[in-house]
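Peer 1: To be precise about what I am sending: the file is called my_file03.txt and holds compact mmCIF, C-alpha atoms.
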# COMPACT_ATOMS: atom_id res chain seq x y z
CA MET L 1 0.00 0.00 0.00
CA ALA L 2 2.82 2.33 0.89
CA MET L 3 4.27 1.77 -2.56
CA THR L 4 0.95 2.59 -4.22
CA VAL L 5 0.93 5.97 -2.51
CA ILE L 6 4.59 6.65 -3.30
CA TRP L 7 4.33 5.55 -6.93
CA THR L 8 1.11 7.44 -7.61
CA GLY L 9 2.58 10.47 -5.85
CA MET L 10 5.69 10.35 -8.02
CA VAL L 11 3.69 10.11 -11.24
CA VAL L 12 1.21 12.84 -10.30
CA ILE L 13 3.96 15.22 -9.13
CA SER L 14 5.88 14.58 -12.39
CA VAL L 15 2.86 15.35 -14.57
CA VAL L 16 1.73 18.43 -12.62
CA TYR L 17 5.19 19.88 -12.05
CA GLY L 18 6.24 19.02 -15.60
CA LEU L 19 3.26 20.89 -17.06
CA LEU L 20 3.79 23.89 -14.78
CA ALA L 21 7.51 24.04 -15.52
CA GLY L 22 6.94 23.59 -19.25
CA ASN L 23 8.58 20.14 -19.32
CA GLY L 24 5.46 18.23 -20.43
CA ALA L 25 7.01 16.79 -23.59
CA ALA L 26 10.10 15.68 -21.70
CA VAL L 27 7.94 13.86 -19.12
CA ALA L 28 6.07 12.02 -21.88
CA ALA L 29 9.32 10.88 -23.50
CA ALA L 30 10.82 9.94 -20.14
CA ALA L 31 7.99 7.53 -19.29
CA VAL L 32 8.80 5.38 -22.34
CA GLU L 33 12.55 5.71 -21.86
CA GLY L 34 12.34 4.71 -18.20
CA ALA L 35 10.45 1.50 -18.88
CA ALA L 36 12.93 0.45 -21.56
CA ALA L 37 15.92 1.37 -19.42
CA ALA L 38 14.63 -0.78 -16.55
CA VAL L 39 14.62 -3.93 -18.68
CA GLU L 40 18.01 -3.10 -20.18
CA LEU L 41 19.45 -2.65 -16.71
CA CYS L 42 18.07 -5.98 -15.51
CA ILE L 43 19.61 -7.75 -18.49
CA THR L 44 23.04 -6.19 -17.95
CA MET L 45 23.07 -7.27 -14.31
CA ALA L 46 21.55 -10.72 -14.86
CA GLY L 47 24.83 -12.55 -15.36
CA VAL L 48 26.61 -11.26 -12.25
CA MET L 49 23.55 -11.81 -10.11
CA CYS L 50 23.12 -15.44 -11.23
CA LEU L 51 26.84 -16.09 -10.76
CA TRP L 52 26.72 -14.92 -7.13
CA MET L 53 23.58 -16.82 -6.30
CA GLY L 54 25.42 -19.87 -7.64
CA VAL L 55 28.52 -19.25 -5.51
CA MET L 56 26.34 -18.78 -2.42
CA GLU L 57 24.71 -22.14 -3.10
CA VAL L 58 28.17 -23.80 -3.26
CA MET L 59 29.09 -22.20 0.11
CA LYS L 60 25.89 -23.40 1.68
CA ARG L 61 26.37 -26.99 0.52
CA CYS L 62 30.02 -27.35 1.50
CA GLY L 63 29.51 -26.05 5.03
CA LEU L 64 31.37 -22.73 4.67
CA ALA L 65 28.23 -20.89 5.71
CA GLU L 66 27.98 -23.05 8.85
CA LYS L 67 31.64 -22.37 9.76
CA LEU L 68 30.84 -18.68 9.78
CA SER L 69 27.97 -19.34 12.14
CA GLN L 70 30.26 -20.91 14.74
CA LEU L 71 32.58 -17.90 14.62
CA LEU L 72 29.71 -15.56 15.48
CA ARG L 73 28.54 -17.30 18.63
CA PRO L 74 30.68 -15.29 21.13
CA ILE L 75 29.46 -11.91 19.81
CA LEU L 76 25.84 -12.97 19.67
CA CYS L 77 25.78 -14.21 23.26
CA ARG L 78 26.61 -10.64 24.33
CA LEU L 79 23.90 -9.07 22.18
CA TYR L 80 21.20 -11.50 23.27
CA PRO L 81 22.03 -12.36 26.89
CA ASP L 82 18.46 -13.53 27.65
CA PHE L 83 18.80 -16.32 25.11
CA ARG L 84 22.40 -17.34 25.79
CA LYS L 85 21.32 -20.75 27.05
CA ASP L 86 18.58 -21.26 24.48
CA ARG L 87 20.64 -23.17 21.92
CA GLU L 88 17.99 -23.37 19.23
CA THR L 89 17.31 -19.64 19.29
CA MET L 90 21.04 -18.87 19.22
CA ASP L 91 21.46 -21.23 16.25
CA ALA L 92 18.71 -19.44 14.36
CA ILE L 93 20.24 -16.02 15.12
CA SER L 94 23.72 -17.19 14.04
CA ALA L 95 22.35 -18.57 10.80
CA ASN L 96 20.43 -15.32 10.25
CA VAL L 97 23.54 -13.16 10.77
CA SER L 98 25.70 -15.44 8.59
CA ALA L 99 23.16 -15.31 5.79
CA ASN L 100 23.05 -11.51 6.13
CA LEU L 101 26.85 -11.32 6.00
CA LEU L 102 26.87 -13.45 2.86
CA GLY L 103 24.10 -11.39 1.32
CA LEU L 104 21.65 -14.31 1.24
CA GLY L 105 18.63 -12.13 1.97
CA ASN L 106 16.18 -14.83 0.95
CA ALA L 107 17.72 -17.21 3.47
CA ALA L 108 18.26 -14.61 6.21
CA THR L 109 14.61 -13.60 6.55
CA PRO L 110 13.10 -17.04 7.29
CA LEU L 111 15.94 -17.80 9.74
CA GLY L 112 15.50 -14.48 11.52
CA ILE L 113 11.74 -15.00 11.71
CA GLN L 114 12.35 -18.38 13.31
CA ALA L 115 14.45 -16.67 16.01
CA ALA L 116 11.88 -13.89 16.42
CA ARG L 117 9.03 -16.36 16.94
CA ARG L 118 11.00 -18.23 19.58
CA MET L 119 11.80 -14.96 21.36
CA ALA L 120 8.17 -13.84 21.26
CA ARG L 121 7.08 -16.96 23.16
CA LYS L 122 8.54 -15.46 26.34
CA THR L 123 6.72 -12.14 25.95
CA PRO L 124 3.64 -12.68 23.74
CA GLY L 125 2.58 -9.59 21.81
CA VAL L 126 5.34 -7.37 23.19
CA ALA L 127 8.75 -6.81 21.60
CA SER L 128 11.33 -7.72 24.26
CA ASP L 129 14.77 -6.06 24.32
CA SER L 130 16.26 -9.07 22.52
CA LEU L 131 13.59 -8.99 19.84
CA CYS L 132 14.07 -5.25 19.31
CA MET L 133 17.82 -5.91 18.98
CA LEU L 134 17.18 -8.67 16.44
CA VAL L 135 14.98 -6.39 14.34
CA VAL L 136 17.39 -3.44 14.53
CA CYS L 137 20.31 -5.68 13.52
CA ASN L 138 18.29 -6.93 10.55
CA THR L 139 17.28 -3.44 9.40
CA ALA L 140 20.94 -2.40 9.35
CA SER L 141 22.82 -4.04 6.50
CA ILE L 142 25.92 -6.08 7.33
CA GLN L 143 26.37 -7.68 3.92
CA LEU L 144 30.09 -8.27 3.25
CA LEU L 145 29.77 -8.33 -0.55
CA PRO L 146 26.99 -6.07 -1.85
CA THR L 147 26.69 -8.05 -5.07
CA THR L 148 23.52 -6.41 -6.40
CA VAL L 149 25.08 -2.96 -6.17
CA ALA L 150 28.29 -4.29 -7.74
CA ALA L 151 26.22 -5.72 -10.59
CA VAL L 152 24.54 -2.35 -11.13
CA ARG L 153 27.92 -0.58 -11.17
CA GLN L 154 29.30 -3.14 -13.63
CA GLY L 155 26.21 -2.70 -15.79
CA ALA L 156 26.92 1.05 -15.85
CA GLY L 157 30.40 0.40 -17.22
CA CYS L 158 32.49 0.27 -14.05
CA ALA L 159 35.71 -1.76 -14.45
CA THR L 160 36.22 -2.29 -10.71
CA PRO L 161 32.73 -2.61 -9.22
CA PHE L 162 34.04 -3.82 -5.85
CA ASP L 163 36.38 -0.87 -5.22
CA ILE L 164 33.75 0.67 -2.93
CA LEU L 165 34.01 -2.23 -0.44
CA PRO L 166 35.98 -0.48 2.34
CA ALA L 167 33.55 2.44 2.22
CA VAL L 168 30.58 0.05 2.37
CA TRP L 169 32.10 -1.82 5.32
CA LEU L 170 32.80 1.40 7.19
CA ALA L 171 29.30 2.77 6.59
CA SER L 172 27.74 -0.58 7.57
CA ALA L 173 29.83 -0.76 10.74
CA VAL L 174 28.86 2.77 11.74
CA SER L 175 25.20 2.02 11.00
CA VAL L 176 25.10 -1.25 12.98
CA THR L 177 26.99 0.29 15.90
CA VAL L 178 24.64 3.26 16.05
CA GLY L 179 21.64 0.90 15.81
CA ILE L 180 22.89 -1.34 18.64
CA LEU L 181 23.78 1.66 20.83
CA ALA L 182 20.40 3.28 20.12
CA ALA L 183 18.63 0.04 21.03
CA LYS L 184 20.63 -0.28 24.28
CA VAL L 185 20.07 3.36 25.28
CA MET L 186 16.38 3.28 24.39
CA ALA L 187 15.93 0.01 26.30
CA ARG L 188 17.25 1.71 29.42
CA ALA L 189 15.20 4.89 28.81
CA TRP L 190 12.09 2.79 28.23
CA ARG L 191 12.50 0.99 31.54
CA ALA L 192 13.23 4.26 33.38
CA GLY L 193 10.14 5.85 31.82
CA LYS L 194 7.82 3.11 33.06
CA MET D 1 48.30 -3.39 -3.57
CA THR D 2 45.28 -2.90 -1.31
CA GLN D 3 43.27 -1.82 -4.31
CA LEU D 4 44.29 -4.96 -6.21
CA LEU D 5 43.50 -7.18 -3.24
CA ILE D 6 40.04 -5.65 -2.98
CA GLN D 7 39.45 -6.11 -6.68
CA MET D 8 40.45 -9.75 -6.23
CA VAL D 9 38.07 -10.37 -3.29
CA ALA D 10 35.28 -11.62 -5.51
CA PRO D 11 37.32 -14.09 -7.64
CA LEU D 12 39.17 -15.29 -4.52
CA ILE D 13 35.88 -16.02 -2.74
CA ILE D 14 34.63 -17.90 -5.79
CA ALA D 15 37.85 -19.95 -5.95
CA LEU D 16 37.81 -20.64 -2.19
CA ALA D 17 34.20 -21.82 -2.29
CA ALA D 18 34.94 -24.08 -5.27
CA VAL D 19 38.06 -25.67 -3.74
CA TRP D 20 36.39 -26.08 -0.35
CA GLY D 21 33.37 -27.63 -1.98
CA MET D 22 35.51 -30.10 -3.95
CA ALA D 23 37.38 -31.07 -0.77
CA LYS D 24 34.01 -31.77 0.85
CA ARG D 25 32.95 -33.81 -2.18
CA VAL D 26 30.16 -31.38 -3.03
CA ASP D 27 28.89 -31.31 -6.61
CA VAL D 28 30.29 -27.79 -7.00
CA TYR D 29 29.23 -27.26 -10.58
CA GLY D 30 25.75 -28.65 -9.96
CA ALA D 31 25.32 -26.33 -6.95
CA LEU D 32 26.59 -23.36 -8.93
CA VAL D 33 24.18 -23.96 -11.78
CA GLN D 34 21.25 -24.53 -9.43
CA GLY D 35 21.99 -21.33 -7.52
CA ALA D 36 22.39 -19.39 -10.74
CA GLY D 37 19.00 -20.68 -11.84
CA GLU D 38 17.47 -19.38 -8.63
CA GLY D 39 19.17 -16.05 -9.36
CA LEU D 40 17.22 -15.89 -12.59
CA GLY D 41 14.00 -16.41 -10.63
CA VAL D 42 14.88 -13.51 -8.32
CA LEU D 43 15.67 -11.36 -11.33
CA ILE D 44 12.31 -12.11 -12.96
CA LYS D 45 10.65 -10.83 -9.78
CA ILE D 46 12.72 -7.65 -9.89
CA VAL D 47 11.98 -6.73 -13.53
CA PRO D 48 8.32 -5.65 -13.13
CA ALA D 49 9.12 -3.56 -10.04
CA MET D 50 12.04 -1.96 -11.84
CA VAL D 51 9.89 -1.10 -14.86
CA GLY D 52 7.31 0.54 -12.60
CA LEU D 53 9.81 2.45 -10.59
CA MET D 54 12.24 3.56 -13.23
CA THR D 55 9.33 4.86 -15.30
CA ALA D 56 8.24 7.02 -12.36
CA VAL D 57 11.81 8.07 -11.56
CA TYR D 58 12.51 9.05 -15.17
CA MET D 59 9.28 11.05 -15.26
CA LEU D 60 10.07 12.76 -11.99
CA ARG D 61 13.55 13.69 -13.17
CA ALA D 62 12.32 14.96 -16.54
CA SER D 63 9.66 17.11 -14.86
CA GLY D 64 12.31 18.99 -12.91
CA ALA D 65 10.54 18.33 -9.60
CA MET D 66 13.44 16.31 -8.19
CA GLU D 67 15.86 19.17 -8.79
CA ALA D 68 13.44 21.50 -7.06
CA ALA D 69 13.17 19.23 -4.02
CA GLY D 70 16.91 18.68 -4.05
CA ALA D 71 17.50 22.45 -4.22
CA LEU D 72 15.24 22.86 -1.21
CA LEU D 73 17.12 20.30 0.86
CA ALA D 74 20.52 20.92 -0.73
CA PRO D 75 21.96 23.45 1.75
CA PHE D 76 21.04 21.17 4.64
CA LEU D 77 22.50 18.02 3.05
CA THR D 78 25.58 19.85 1.79
CA ARG D 79 26.29 21.08 5.31
CA LEU D 80 26.21 17.43 6.45
CA GLY D 81 28.53 16.44 3.59
CA VAL D 82 25.90 14.46 1.65
CA PRO D 83 25.55 15.05 -2.14
CA PRO D 84 22.09 16.63 -2.57
CA GLU D 85 21.44 14.52 -5.71
CA THR D 86 20.96 11.48 -3.45
CA VAL D 87 17.88 12.98 -1.77
CA GLY D 88 15.50 10.70 -3.72
CA LEU D 89 17.39 7.65 -2.53
CA LEU D 90 17.18 8.77 1.11
CA LEU D 91 13.42 9.08 0.80
CA VAL D 92 12.60 5.66 -0.72
CA ARG D 93 15.30 3.46 0.84
CA PRO D 94 13.51 2.55 4.09
CA VAL D 95 10.23 1.83 2.30
CA SER D 96 11.09 -0.26 -0.75
CA GLY D 97 14.23 -2.18 -1.67
CA ASN D 98 13.32 -2.38 -5.35
CA ALA D 99 12.43 1.30 -5.47
CA ALA D 100 15.75 2.22 -3.89
CA LEU D 101 17.55 -0.05 -6.34
CA GLY D 102 15.76 1.75 -9.18
CA VAL D 103 16.62 5.22 -7.90
CA GLY D 104 20.19 4.22 -7.05
CA SER D 105 20.77 2.54 -10.42
CA GLU D 106 19.52 5.65 -12.13
CA LEU D 107 21.95 7.87 -10.16
CA ILE D 108 24.82 5.49 -10.93
CA ALA D 109 23.96 5.41 -14.64
CA THR D 110 23.45 9.18 -14.90
CA TYR D 111 26.50 10.43 -13.01
CA GLY D 112 28.72 7.41 -13.76
CA PRO D 113 29.67 4.55 -11.44
CA ASP D 114 33.03 6.18 -10.62
CA SER D 115 31.68 9.65 -9.84
CA ALA D 116 31.38 10.81 -6.23
CA ILE D 117 27.57 10.77 -6.52
CA GLY D 118 27.51 7.32 -8.15
CA ARG D 119 29.80 5.92 -5.49
CA THR D 120 27.88 7.50 -2.64
CA ALA D 121 24.62 6.09 -4.01
CA ALA D 122 26.22 2.64 -4.32
CA VAL D 123 27.57 2.73 -0.75
CA MET D 124 24.19 3.94 0.56
CA LEU D 125 22.49 1.02 -1.19
CA GLY D 126 25.11 -1.42 0.07
CA SER D 127 25.02 -0.34 3.71
CA THR D 128 21.27 -0.08 4.34
CA GLU D 129 18.23 -2.38 4.33
CA THR D 130 14.53 -1.93 3.64
CA THR D 131 13.78 -0.99 7.24
CA PHE D 132 9.98 -0.83 7.22
CA TYR D 133 9.62 -4.05 5.24
CA THR D 134 11.91 -5.86 7.69
CA ILE D 135 10.05 -4.54 10.73
CA ALA D 136 6.68 -5.47 9.23
CA VAL D 137 7.81 -9.00 8.35
CA TYR D 138 9.47 -9.77 11.69
CA PHE D 139 6.83 -8.33 13.97
CA GLY D 140 4.06 -9.74 11.80
CA ALA D 141 5.54 -13.23 11.95
CA ALA D 142 6.14 -13.04 15.71
CA GLY D 143 2.67 -11.61 16.44
CA ILE D 144 4.06 -8.46 18.08
CA ARG D 145 1.65 -5.58 18.64
CA LYS D 146 3.74 -3.47 21.04
CA THR D 147 6.86 -2.68 19.06
CA ARG D 148 8.28 -0.40 21.79
CA TYR D 149 11.43 1.39 20.62
CA ALA D 150 12.26 -0.84 17.60
CA VAL D 151 11.23 1.69 14.90
CA PRO D 152 13.11 4.76 16.24
CA ALA D 153 16.22 2.65 16.96
CA ALA D 154 16.16 1.20 13.43
CA LEU D 155 15.75 4.69 11.92
CA CYS D 156 18.79 5.89 13.92
CA ALA D 157 20.79 3.16 12.20
CA ASP D 158 19.44 4.27 8.79
CA VAL D 159 20.34 7.94 9.27
CA ALA D 160 23.78 6.91 10.50
CA ALA D 161 24.25 4.74 7.40
CA PHE D 162 23.38 7.57 4.97
CA LEU D 163 25.71 10.07 6.62
CA ALA D 164 28.47 7.50 7.03
CA ALA D 165 28.12 6.47 3.35
CA ALA D 166 28.87 9.99 2.14
CA TRP D 167 31.72 10.42 4.60
CA ALA D 168 33.19 6.96 3.88
CA VAL D 169 33.28 7.62 0.12
CA ARG D 170 35.26 10.81 0.72
CA TRP D 171 37.58 9.02 3.15
CA TRP D 172 38.27 6.07 0.82
CA PHE D 173 38.46 7.87 -2.53
CA GLY D 174 39.78 11.20 -1.25
Could I get this file's structure written as structure tokens?

Peer 2:
Amino acid sequence: MAMTVIWTGMVVISVVYGLLAGNGAAVAAAAVEGAAAAVELCITMAGVMCLWMGVMEVMKRCGLAEKLSQLLRPILCRLYPDFRKDRETMDAISANVSANLLGLGNAATPLGIQAARRMARKTPGVASDSLCMLVVCNTASIQLLPTTVAAVRQGAGCATPFDILPAVWLASAVSVTVGILAAKVMARAWRAGK
Amino acid sequence: MTQLLIQMVAPLIIALAAVWGMAKRVDVYGALVQGAGEGLGVLIKIVPAMVGLMTAVYMLRASGAMEAAGALLAPFLTRLGVPPETVGLLLVRPVSGNAALGVGSELIATYGPDSAIGRTAAVMLGSTETTFYTIAVYFGAAGIRKTRYAVPAALCADVAAFLAAAWAVRWWFG
């Protein structure tokens, strides 16, 4: 629904503003151009995208993804102290974070939901501190290789689509840190306010 | 050297996964092809959304409304060190992943993937998620009605990501 409002808003604003600013003809041409450009873009990025989905599948089958999960356990026990002893929930969270790191969004969501449902059993209907943390960590991106973006850059003629990696890692680290800190501070403020 | 190493990250990961898979007696090629096939399925789902969005984005740009909005917010964003051209991306990113991909791709194509704006847009896309979608999916699945502070905390992370993206691009590329 949100997208309906945004999309309709964009189109209406374009038409009205375009007419007022005397850009009506340009808007008409742009509508056709935009639709064609979208398909062209998808075709240019198709190869890279398929390649990476394939590599991810190899990693999943040979256990590399699971190895990553074991590495994460110490950090996650600190972030979710209430569930430190709940092995199944911790497993789900580890798998969720690993999938996020690897950029397997389609795998990360069901795994995260599994963890969220287990967490919600303790506090039905109310988002506990751990659950808020889980959601905040999932809304902040921690993907190590942003392959979709790299594919878009390659499609646009970039010879070194991954040269932005350090900048992406830094921005992601800042974002996740701010998110975790905000969640911690707000958790305390929320309790104090009650 | 660092630059070369970073360029080699992707091929090295591919090689590592292949060798590891072979050592574990995984049908590496079969897995690769299957995964690639799934990639095609994901792509098919993206195409219609991209057509819808890029049409609207192209129209909005041609109308001149985006420049007007950007000009309005420009002094504020410039003071924070964020290229004002990315304003459209900031607005759609938390709401729709495909929309953000459309807007971001358009910025990258227009200004060039190696321009400051193109790079900033790419880093913004790579360091953020579709916040509202994620919140809706997780809380919906867990049956949560009282979301407490989850939304404001997640938005803090988003704002931090956008600012950090612009700053990180300047730090890394000078």

Peer 1: So, counting only C-alpha atoms, which residue among D:Tyr133, D:Met54, D:Leu107, D:Gly88 is closest to chain L?

Peer 2: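 Counting only C-alpha atoms, the residue closest to chain L is D:Met54.
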
Peer 1: Leaving out D:Asp158 and any residue of its chain fewer than 4 positions from it, which residues lie within 8 Å of it when counting only C-alpha atoms, given as an MDAnalysis selection string?

Peer 2: (chainID L and resid 140 175) or (chainID D and resid 94 128 131 154 162)

Peer 1: Counting only C-alpha atoms, figure out which residue out of D:Ala100, D:Ala121, D:Val42, D:Ala31 gets nearest to chain L.

Peer 2: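 Residue with the minimum atom-to-atom distance to chain L: D:Ala31.
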
Peer 1: For atom CA of D:Met124 and atom CA of D:Ala165, determine how far apart the two atoms are, in Å to one decimal place.

Peer 2: 5.4 Å

Peer 1: With distances taken over all atoms listed in the file, which of D:Leu101, D:Leu80, D:Ala65, D:Ala71 is nearest to L:Gly22?

Peer 2: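 Nearest to L:Gly22: D:Ala65.
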
Peer 1: Calculate how many Å separate atom CA of L:Asn96 from atom CA of L:Gln154, rounding to one decimal.

Peer 2: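 For atom CA of L:Asn96 relative to atom CA of L:Gln154, the distance reads 28.2 Å.
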
Peer 1: Do you know which residues are at most 10 Å from stretch 139-142 of chain D counting all atoms listed in the file, after dropping those on the same chain fewer than 5 positions away, and could you put them as a PyMOL selection string?

Peer 2: (chain L and resi 110+113-121+124-127+131-132+135) or (chain D and resi 134+147+150)

Peer 1: Nearest residue to L:Ala99 out of L:Ile75, L:Ile43, L:Thr123, L:Ser141, using all atoms listed in the file?

Peer 2: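 Ranked by minimum distance to L:Ala99, first place goes to L:Ser141.
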
Peer 1: Determine the nearest neighbour of L:Ala31 from the options D:Ala160, D:Leu53, D:Ala122, D:Leu40, counting only C-alpha atoms.

Peer 2: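 When distances to L:Ala31 are compared using only C-alpha atoms, the smallest one comes from D:Leu53.
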
Peer 1: Extract, using all atoms listed in the file, all DNA, RNA and protein residues at most 9 Å from L:Leu144, discarding same-chain residues fewer than 5 positions from it, and format them as a list of chain:residue names.

Peer 2: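 Residues meeting the cut-off are L:Asn100, L:Leu101, L:Leu102, L:Gly103, L:Leu165, L:Val168, L:Trp169.
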